[in-house]
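K.L.:
The structure under discussion is supplied below as structure tokens; questions concerning it will follow.
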Amino acid sequence: MLLEGKRLVITGVLTDDSIAWHTARTAQEEGAEIVLTGFGRGMRITERAAERLPIPPDVIELDINDPAHMEALVADLESRWGGVDGALHAIAFAPADALGGAFLTTPAESAATAFTTSAFSYKTLAVGLLPLMKKAGGGSLVTLDFDNTQAWPAYDWMGVAKSALQSVTRYLARDLGEYNIRVNAVSAGPLGTVAAKSVPGFGLFEDAWAERAPLGWDASDPGPVGRMVAVLLSDWTPMTSGEIVHVDGGFHAIAAGTRQPEKE
Ligand SMILES: NC(=O)c1ccc[n+]([C@@H]2O[C@H](COP(=O)([O-])OP(=O)(O)OC[C@H]3O[C@@H](n4cnc5c(N)ncnc54)[C@H](O)[C@@H]3O)[C@@H](O)[C@H]2O)c1
């Protein structure tokens with residue numbers, strides 16, 4: 001099995017629609033031992049989603065911006081496993097005034113919140129888990145990106161935070177390679193999760209994918225994204241780091257739709 005014997009931390013499960021939930025399911029099916037982290041008022045919802053996994057895992061509280069939570073998580077993992085082989089960072093948040101077309105009037109604090117929780121937090125997770133990953137002899141970190149190399153409707157400062165996240169991925173890859181830790185991102189197409197539905201105009205993204213993705217795209221199925229995350233967490237990508245892997249039906253490669261001019 002792809003992840004036999006791996007000890008993995010999966011953040012970002014809220015419901016069983018969450019990309020992280022589908023990653024957790026694939027990871028368990030592929031032989032990994034996992035713990036989930038949950039956040040704030042969503043903890044109870046995460047616990048219910050955990051019960052729907054093949055082997056209900058423990059859920060540990062983690063507000064990524066609370067150093068005491070990170071310390072407690074690391075202490076728990078230390079006594080539970082002694083080491084950690086990998087983690088999924090599936091955490092993003094932007095205040096309402098940083099999304100939805102208010103780009104020109106968003107206050108700096110709201111943009112900073114989007115950056116801290118959605119991009120800087122990959123560094124926070126990586127540094128928190130570093131001692132345990134060193135004990136494991138290295139491992140793999142994966143985050144979830146939405147490609148912001150071009151500007152989107154409504155995505156605004158969350159988009160800017162995603163550009164920062166891509167950059168954080170590369171700098172982490174630079175600094176953690178010496179510990180045999182790979183750091184990558186999976187850039188997913190639009191999926192109808194709680195986070196996505198909080199972006200006003202999410203339907204515009206689905207329309208764009210219907211027009212441009214050569215493989216087509218099912219916004220209700222995070223399974224393909226979860227499977228790619230599992231591949232990157234496995235030993236089958238030992239020389240891949242600082243990479244942004246697209247799981248978007250091929251959308252990113254196509255400029256203006258897949259229709260061809262009529263043949264004469
Ligand atoms: N859904 C999409 O269309 C899509 C596409 C590409 C990338 N992504 C990214 O995938 C990741 C997971 O999102 P999702 O779409 O599965 O939605 P989701 O709502 O299921 O997950 C978002 C998670 O972020 C967590 N979170 C927010 N603030 C936190 C904090 N301070 N500390 C710890 N956790 C916190 C929430 O608890 C939740 O579990 C996000 O980074 C999102 O930007 C989503």
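Labeling convention for the structure tokens: chains A, B, ... as they appear, residues from 1 per chain, ligands from 1 in order of appearance.
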Please write out the residues within 7 Å of ligand 1 as a PDB file with N, CA and C atoms, in the first residue's frame, counting only C-alpha atoms and all ligand atoms.
P.N.:
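Now in pocket-v5.pdb:
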ATOM      1  N   THR A  11      -4.546  18.361   8.781  1.00  0.00           N
ATOM      2  CA  THR A  11      -5.294  19.535   9.251  1.00  0.00           C
ATOM      3  C   THR A  11      -6.454  19.786   8.288  1.00  0.00           C
ATOM      4  N   GLY A  12      -7.387  20.638   8.691  1.00  0.00           N
ATOM      5  CA  GLY A  12      -8.352  21.190   7.739  1.00  0.00           C
ATOM      6  C   GLY A  12      -9.563  20.342   7.407  1.00  0.00           C
ATOM      7  N   VAL A  13      -9.803  19.264   8.191  1.00  0.00           N
ATOM      8  CA  VAL A  13     -11.079  18.564   7.992  1.00  0.00           C
ATOM      9  C   VAL A  13     -12.155  19.344   8.741  1.00  0.00           C
ATOM     10  N   LEU A  14     -13.178  19.794   8.006  1.00  0.00           N
ATOM     11  CA  LEU A  14     -14.341  20.377   8.665  1.00  0.00           C
ATOM     12  C   LEU A  14     -15.510  19.408   8.476  1.00  0.00           C
ATOM     13  N   THR A  15     -15.930  19.221   7.237  1.00  0.00           N
ATOM     14  CA  THR A  15     -17.016  18.274   6.939  1.00  0.00           C
ATOM     15  C   THR A  15     -16.457  17.143   6.069  1.00  0.00           C
ATOM     16  N   ASP A  17     -17.087  16.950   3.104  1.00  0.00           N
ATOM     17  CA  ASP A  17     -16.794  17.569   1.802  1.00  0.00           C
ATOM     18  C   ASP A  17     -15.370  18.107   1.750  1.00  0.00           C
ATOM     19  N   SER A  18     -14.752  18.328   2.908  1.00  0.00           N
ATOM     20  CA  SER A  18     -13.421  18.963   2.950  1.00  0.00           C
ATOM     21  C   SER A  18     -12.422  18.167   2.116  1.00  0.00           C
ATOM     22  N   ILE A  19     -11.540  18.894   1.422  1.00  0.00           N
ATOM     23  CA  ILE A  19     -10.478  18.214   0.666  1.00  0.00           C
ATOM     24  C   ILE A  19      -9.661  17.344   1.629  1.00  0.00           C
ATOM     25  N   ALA A  20      -9.434  17.860   2.835  1.00  0.00           N
ATOM     26  CA  ALA A  20      -8.645  17.114   3.819  1.00  0.00           C
ATOM     27  C   ALA A  20      -9.335  15.809   4.225  1.00  0.00           C
ATOM     28  N   GLY A  38      -8.603  19.919  14.475  1.00  0.00           N
ATOM     29  CA  GLY A  38      -9.841  20.679  14.304  1.00  0.00           C
ATOM     30  C   GLY A  38      -9.664  22.063  14.893  1.00  0.00           C
ATOM     31  N   PHE A  39     -10.582  22.969  14.517  1.00  0.00           N
ATOM     32  CA  PHE A  39     -10.370  24.372  14.865  1.00  0.00           C
ATOM     33  C   PHE A  39     -11.636  25.002  15.432  1.00  0.00           C
ATOM     34  N   GLY A  42     -15.621  24.795  15.011  1.00  0.00           N
ATOM     35  CA  GLY A  42     -15.785  23.679  14.069  1.00  0.00           C
ATOM     36  C   GLY A  42     -15.393  22.328  14.640  1.00  0.00           C
ATOM     37  N   LEU A  62      -6.372  22.504  17.055  1.00  0.00           N
ATOM     38  CA  LEU A  62      -5.281  23.342  16.559  1.00  0.00           C
ATOM     39  C   LEU A  62      -5.821  24.586  15.877  1.00  0.00           C
ATOM     40  N   ASP A  63      -5.720  25.719  16.601  1.00  0.00           N
ATOM     41  CA  ASP A  63      -5.799  27.015  15.912  1.00  0.00           C
ATOM     42  C   ASP A  63      -4.362  27.301  15.507  1.00  0.00           C
ATOM     43  N   ILE A  64      -4.113  27.318  14.206  1.00  0.00           N
ATOM     44  CA  ILE A  64      -2.731  27.409  13.722  1.00  0.00           C
ATOM     45  C   ILE A  64      -2.047  28.686  14.206  1.00  0.00           C
ATOM     46  N   ASN A  65      -2.848  29.685  14.612  1.00  0.00           N
ATOM     47  CA  ASN A  65      -2.268  30.952  15.085  1.00  0.00           C
ATOM     48  C   ASN A  65      -2.048  30.967  16.596  1.00  0.00           C
ATOM     49  N   ALA A  90      -4.175  22.230   5.208  1.00  0.00           N
ATOM     50  CA  ALA A  90      -5.406  22.511   4.443  1.00  0.00           C
ATOM     51  C   ALA A  90      -6.170  23.613   5.159  1.00  0.00           C
ATOM     52  N   ILE A  91      -5.471  24.706   5.408  1.00  0.00           N
ATOM     53  CA  ILE A  91      -5.983  25.782   6.252  1.00  0.00           C
ATOM     54  C   ILE A  91      -6.023  27.082   5.468  1.00  0.00           C
ATOM     55  N   ALA A  92      -7.173  27.721   5.454  1.00  0.00           N
ATOM     56  CA  ALA A  92      -7.279  29.042   4.821  1.00  0.00           C
ATOM     57  C   ALA A  92      -8.410  29.818   5.472  1.00  0.00           C
ATOM     58  N   PHE A  93      -8.213  31.113   5.575  1.00  0.00           N
ATOM     59  CA  PHE A  93      -9.281  31.996   6.056  1.00  0.00           C
ATOM     60  C   PHE A  93      -8.999  33.422   5.586  1.00  0.00           C
ATOM     61  N   THR A 117      -3.137  33.444   8.268  1.00  0.00           N
ATOM     62  CA  THR A 117      -3.819  32.167   8.463  1.00  0.00           C
ATOM     63  C   THR A 117      -3.679  31.254   7.243  1.00  0.00           C
ATOM     64  N   SER A 118      -3.518  31.829   6.056  1.00  0.00           N
ATOM     65  CA  SER A 118      -3.575  31.014   4.837  1.00  0.00           C
ATOM     66  C   SER A 118      -2.208  30.725   4.221  1.00  0.00           C
ATOM     67  N   LEU A 144      -2.497  23.071   0.119  1.00  0.00           N
ATOM     68  CA  LEU A 144      -3.515  23.158  -0.936  1.00  0.00           C
ATOM     69  C   LEU A 144      -3.603  24.578  -1.469  1.00  0.00           C
ATOM     70  N   ASP A 145      -3.338  24.686  -2.749  1.00  0.00           N
ATOM     71  CA  ASP A 145      -3.280  25.985  -3.408  1.00  0.00           C
ATOM     72  C   ASP A 145      -4.475  26.143  -4.343  1.00  0.00           C
ATOM     73  N   PHE A 146      -4.855  27.388  -4.598  1.00  0.00           N
ATOM     74  CA  PHE A 146      -5.729  27.698  -5.736  1.00  0.00           C
ATOM     75  C   PHE A 146      -4.929  28.665  -6.588  1.00  0.00           C
ATOM     76  N   SER A 187      -2.358  22.298  -6.421  1.00  0.00           N
ATOM     77  CA  SER A 187      -3.243  23.370  -6.849  1.00  0.00           C
ATOM     78  C   SER A 187      -4.517  22.736  -7.406  1.00  0.00           C
ATOM     79  N   ALA A 188      -5.603  22.917  -6.668  1.00  0.00           N
ATOM     80  CA  ALA A 188      -6.854  22.217  -6.991  1.00  0.00           C
ATOM     81  C   ALA A 188      -7.790  23.106  -7.799  1.00  0.00           C
ATOM     82  N   GLY A 189      -8.606  22.491  -8.617  1.00  0.00           N
ATOM     83  CA  GLY A 189      -9.728  23.189  -9.230  1.00  0.00           C
ATOM     84  C   GLY A 189     -10.801  23.460  -8.188  1.00  0.00           C
ATOM     85  N   PRO A 190     -11.866  24.204  -8.551  1.00  0.00           N
ATOM     86  CA  PRO A 190     -12.878  24.595  -7.559  1.00  0.00           C
ATOM     87  C   PRO A 190     -13.699  23.418  -7.050  1.00  0.00           C
ATOM     88  N   LEU A 191     -13.859  23.355  -5.734  1.00  0.00           N
ATOM     89  CA  LEU A 191     -14.614  22.271  -5.088  1.00  0.00           C
ATOM     90  C   LEU A 191     -15.590  22.880  -4.093  1.00  0.00           C
ATOM     91  N   GLY A 192     -16.797  22.389  -4.060  1.00  0.00           N
ATOM     92  CA  GLY A 192     -17.856  23.018  -3.278  1.00  0.00           C
ATOM     93  C   GLY A 192     -17.793  22.754  -1.784  1.00  0.00           C
ATOM     94  N   THR A 193     -16.718  23.203  -1.145  1.00  0.00           N
ATOM     95  CA  THR A 193     -16.554  23.020   0.299  1.00  0.00           C
ATOM     96  C   THR A 193     -17.084  24.245   1.053  1.00  0.00           C
ATOM     97  N   VAL A 194     -17.064  24.172   2.380  1.00  0.00           N
ATOM     98  CA  VAL A 194     -17.507  25.316   3.186  1.00  0.00           C
ATOM     99  C   VAL A 194     -16.655  26.546   2.857  1.00  0.00           C
ATOM    100  N   ALA A 195     -15.328  26.356   2.772  1.00  0.00           N
ATOM    101  CA  ALA A 195     -14.435  27.493   2.483  1.00  0.00           C
ATOM    102  C   ALA A 195     -14.770  28.103   1.123  1.00  0.00           C
ATOM    103  N   ALA A 196     -15.007  27.259   0.131  1.00  0.00           N
ATOM    104  CA  ALA A 196     -15.273  27.767  -1.218  1.00  0.00           C
ATOM    105  C   ALA A 196     -16.592  28.527  -1.252  1.00  0.00           C
TER     106      ALA A 196
END
K.L.:
Within 6 Å of range 170-179 of chain A, counting only C-alpha atoms, which residues show up once you throw out same-chain ones fewer than 3 positions away? Write them as a list in words, please.
P.N.:
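The residues satisfying every condition are Gly138, Ser167, Val183, Ser241 and Gly242 of chain A.
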K.L.:
Which neighbours of range 247-260 of chain A fall inside 6 Å, counting only C-alpha atoms, when residues of the same chain fewer than 3 positions from it are skipped, and could you give them as a short mmCIF file (atom, residue, chain, number, x, y, z; two decimals) with C-alpha atoms, in the first residue's frame?
P.N.:
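Written file, out.cif:
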data_model
loop_
_atom_site.label_atom_id
_atom_site.label_comp_id
_atom_site.auth_asym_id
_atom_site.auth_seq_id
_atom_site.Cartn_x
_atom_site.Cartn_y
_atom_site.Cartn_z
CA SER A 187 -3.24 23.37 -6.85
CA ALA A 188 -6.85 22.22 -6.99
CA GLY A 189 -9.73 23.19 -9.23
CA GLU A 211 -15.43 25.97 -20.53
CA ARG A 212 -11.69 25.38 -20.22
CA ALA A 213 -10.79 22.12 -18.45
CA PRO A 214 -9.91 19.57 -21.16
CA LEU A 215 -10.59 16.65 -18.82
CA GLY A 216 -13.77 18.23 -17.49
CA TRP A 217 -14.18 18.94 -13.79
CA VAL A 225 -7.09 16.03 -5.18
#
K.L.:
Please return, as a ChimeraX atom specification, all residues of range 118-242 of chain A that DSSP assigns to helix (DSSP H, G or I) on the basis of the backbone.
P.N.:
/A:118-135,156-179,194-197,202-212,223-233
K.L.:
Give me, please, the distance in Å between CA of His22 in chain A and CA of Arg227 in chain A, quoted to one decimal.
P.N.:
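Those two atoms sit 8.0 Å apart.
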K.L.:
Tell me which of A:Ala210, A:Ala87, A:Val127, A:Leu2 sits closest to Gly139 in chain A, counting only C-alpha atoms.
P.N.:
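Counting only C-alpha atoms, the residue closest to Gly139 in chain A is A:Ala87.
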K.L.:
Near Val160 in chain A, counting only C-alpha atoms, which residues have an atom at most 12 Å away, once you skip same-chain residues fewer than 6 positions from it, shown as a PyMOL selection string?
P.N.:
chain A and resi 94+98-99+103+111-116+118-119+145-152+154+166-167
K.L.:
Quick one: distance from CA of Thr240 in chain A to CA of Ala219 in chain A in Å, one decimal?
P.N.:
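CA of Ala219 in chain A lies 27.2 Å from CA of Thr240 in chain A.
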K.L.:
Contacts of Ala102 in chain A at 12 Å or less, counting only C-alpha atoms, minus same-chain residues fewer than 3 places along, as an NGL selection string?
P.N.:
:A and (95-99 or 105-107 or 110-111 or 153-158 or 199-200)
K.L.:
Would you save the residues from that selection as a CSV table (one decimal), in the first residue's frame, using all heavy atoms?
P.N.:
chain,number,residue,atom,x,y,z
A,95,PRO,N,-11.1,37.3,6.0
A,95,PRO,CA,-12.3,38.1,6.5
A,95,PRO,C,-13.2,38.5,5.3
A,95,PRO,O,-12.7,38.6,4.2
A,95,PRO,CB,-11.7,39.3,7.2
A,95,PRO,CG,-10.3,39.0,7.5
A,95,PRO,CD,-9.9,38.0,6.4
A,96,ALA,N,-14.5,38.6,5.6
A,96,ALA,CA,-15.4,38.9,4.5
A,96,ALA,C,-15.0,40.2,3.7
A,96,ALA,O,-15.3,40.2,2.5
A,96,ALA,CB,-16.8,39.1,5.1
A,97,ASP,N,-14.4,41.2,4.4
A,97,ASP,CA,-14.1,42.4,3.6
A,97,ASP,C,-12.8,42.3,2.8
A,97,ASP,O,-12.3,43.2,2.2
A,97,ASP,CB,-14.0,43.6,4.5
A,97,ASP,CG,-13.0,43.5,5.6
A,97,ASP,OD1,-12.3,42.4,5.7
A,97,ASP,OD2,-13.0,44.4,6.5
A,98,ALA,N,-12.2,41.0,2.8
A,98,ALA,CA,-11.0,40.8,1.9
A,98,ALA,C,-11.4,40.0,0.7
A,98,ALA,O,-10.5,39.7,-0.1
A,98,ALA,CB,-10.0,40.1,2.8
A,99,LEU,N,-12.7,39.7,0.5
A,99,LEU,CA,-13.2,38.9,-0.6
A,99,LEU,C,-14.3,39.6,-1.3
A,99,LEU,O,-15.0,40.5,-0.7
A,99,LEU,CB,-13.7,37.6,0.0
A,99,LEU,CG,-12.8,36.5,0.6
A,99,LEU,CD1,-13.5,35.5,1.4
A,99,LEU,CD2,-12.0,35.8,-0.5
A,105,THR,N,-10.8,48.4,-1.3
A,105,THR,CA,-11.1,49.0,0.0
A,105,THR,C,-10.8,48.1,1.2
A,105,THR,O,-11.0,48.5,2.4
A,105,THR,CB,-12.6,49.4,0.1
A,105,THR,OG1,-13.4,48.2,-0.2
A,105,THR,CG2,-13.0,50.5,-0.9
A,106,THR,N,-10.3,46.9,1.0
A,106,THR,CA,-9.9,46.0,2.1
A,106,THR,C,-8.9,46.7,3.0
A,106,THR,O,-7.9,47.1,2.5
A,106,THR,CB,-9.3,44.7,1.5
A,106,THR,OG1,-10.3,44.1,0.7
A,106,THR,CG2,-8.9,43.8,2.6
A,107,PRO,N,-9.2,46.7,4.3
A,107,PRO,CA,-8.2,47.2,5.3
A,107,PRO,C,-7.0,46.3,5.4
A,107,PRO,O,-7.1,45.1,5.2
A,107,PRO,CB,-8.9,47.3,6.6
A,107,PRO,CG,-10.3,46.7,6.4
A,107,PRO,CD,-10.4,46.3,5.0
A,110,SER,N,-7.2,43.1,7.5
A,110,SER,CA,-7.9,42.0,6.9
A,110,SER,C,-7.1,41.2,5.9
A,110,SER,O,-7.0,40.0,5.9
A,110,SER,CB,-9.2,42.4,6.2
A,110,SER,OG,-10.1,43.0,7.2
A,111,ALA,N,-6.3,42.0,5.1
A,111,ALA,CA,-5.4,41.3,4.2
A,111,ALA,C,-4.3,40.6,5.0
A,111,ALA,O,-3.9,39.5,4.6
A,111,ALA,CB,-4.7,42.4,3.3
A,153,PRO,N,-12.1,36.8,-10.5
A,153,PRO,CA,-13.2,37.5,-9.9
A,153,PRO,C,-13.3,37.2,-8.4
A,153,PRO,O,-13.2,36.0,-8.0
A,153,PRO,CB,-14.5,37.1,-10.6
A,153,PRO,CG,-14.0,36.2,-11.7
A,153,PRO,CD,-12.6,35.8,-11.5
A,154,ALA,N,-13.6,38.1,-7.5
A,154,ALA,CA,-14.0,37.9,-6.1
A,154,ALA,C,-12.9,37.4,-5.2
A,154,ALA,O,-13.0,37.5,-4.0
A,154,ALA,CB,-15.2,36.9,-6.1
A,155,TYR,N,-11.9,36.7,-5.7
A,155,TYR,CA,-10.9,36.0,-4.8
A,155,TYR,C,-10.0,37.0,-4.1
A,155,TYR,O,-9.6,36.7,-3.0
A,155,TYR,CB,-10.1,35.0,-5.7
A,155,TYR,CG,-9.6,33.8,-4.9
A,155,TYR,CD1,-10.5,33.1,-4.0
A,155,TYR,CD2,-8.3,33.3,-5.1
A,155,TYR,CE1,-10.0,32.0,-3.4
A,155,TYR,CE2,-7.9,32.2,-4.4
A,155,TYR,CZ,-8.7,31.5,-3.6
A,155,TYR,OH,-8.3,30.4,-2.9
A,156,ASP,N,-9.7,38.1,-4.7
A,156,ASP,CA,-9.1,39.3,-4.0
A,156,ASP,C,-7.9,38.9,-3.1
A,156,ASP,O,-7.0,38.3,-3.5
A,156,ASP,CB,-10.2,40.0,-3.2
A,156,ASP,CG,-11.3,40.6,-4.2
A,156,ASP,OD1,-11.1,40.4,-5.4
A,156,ASP,OD2,-12.3,41.2,-3.7
A,157,TRP,N,-8.0,39.3,-1.8
A,157,TRP,CA,-6.8,39.1,-0.9
A,157,TRP,C,-6.6,37.7,-0.6
A,157,TRP,O,-5.4,37.3,-0.2
A,157,TRP,CB,-6.9,40.0,0.3
A,157,TRP,CG,-6.8,41.4,-0.1
A,157,TRP,CD1,-7.8,42.3,-0.4
A,157,TRP,CD2,-5.6,42.1,-0.4
A,157,TRP,NE1,-7.3,43.5,-0.9
A,157,TRP,CE2,-6.0,43.4,-0.9
A,157,TRP,CE3,-4.3,41.8,-0.4
A,157,TRP,CZ2,-5.0,44.4,-1.3
A,157,TRP,CZ3,-3.3,42.7,-0.8
A,157,TRP,CH2,-3.7,44.0,-1.2
A,158,MET,N,-7.6,36.8,-0.7
A,158,MET,CA,-7.3,35.4,-0.6
A,158,MET,C,-6.4,34.9,-1.7
A,158,MET,O,-5.5,34.1,-1.5
A,158,MET,CB,-8.7,34.6,-0.6
A,158,MET,CG,-8.6,33.2,-0.2
A,158,MET,SD,-8.1,33.0,1.5
A,158,MET,CE,-6.8,31.8,1.3
A,199,VAL,N,-16.7,32.2,-0.6
A,199,VAL,CA,-16.2,33.1,-1.6
A,199,VAL,C,-17.4,33.5,-2.4
A,199,VAL,O,-17.9,32.7,-3.2
A,199,VAL,CB,-15.1,32.5,-2.5
A,199,VAL,CG1,-14.6,33.5,-3.5
A,199,VAL,CG2,-13.9,32.0,-1.6
A,200,PRO,N,-17.8,34.8,-2.4
A,200,PRO,CA,-19.0,35.2,-3.2
A,200,PRO,C,-18.6,35.0,-4.7
A,200,PRO,O,-17.5,35.3,-5.1
A,200,PRO,CB,-19.2,36.7,-2.8
A,200,PRO,CG,-18.3,37.0,-1.7
A,200,PRO,CD,-17.3,35.9,-1.6
K.L.:
Would you work out the distance separating CA of Gly83 in chain A from CA of Gly137 in chain A, expressed in Å to one decimal?
P.N.:
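Here the two named atoms are 8.7 Å from each other.
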K.L.:
With distances taken over only C-alpha atoms, which of A:Asp16, A:Asp207, A:Asp76, A:Asp66 is nearest to Gly40 in chain A?
P.N.:
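Using only C-alpha atoms, Gly40 in chain A sits closest to A:Asp66.
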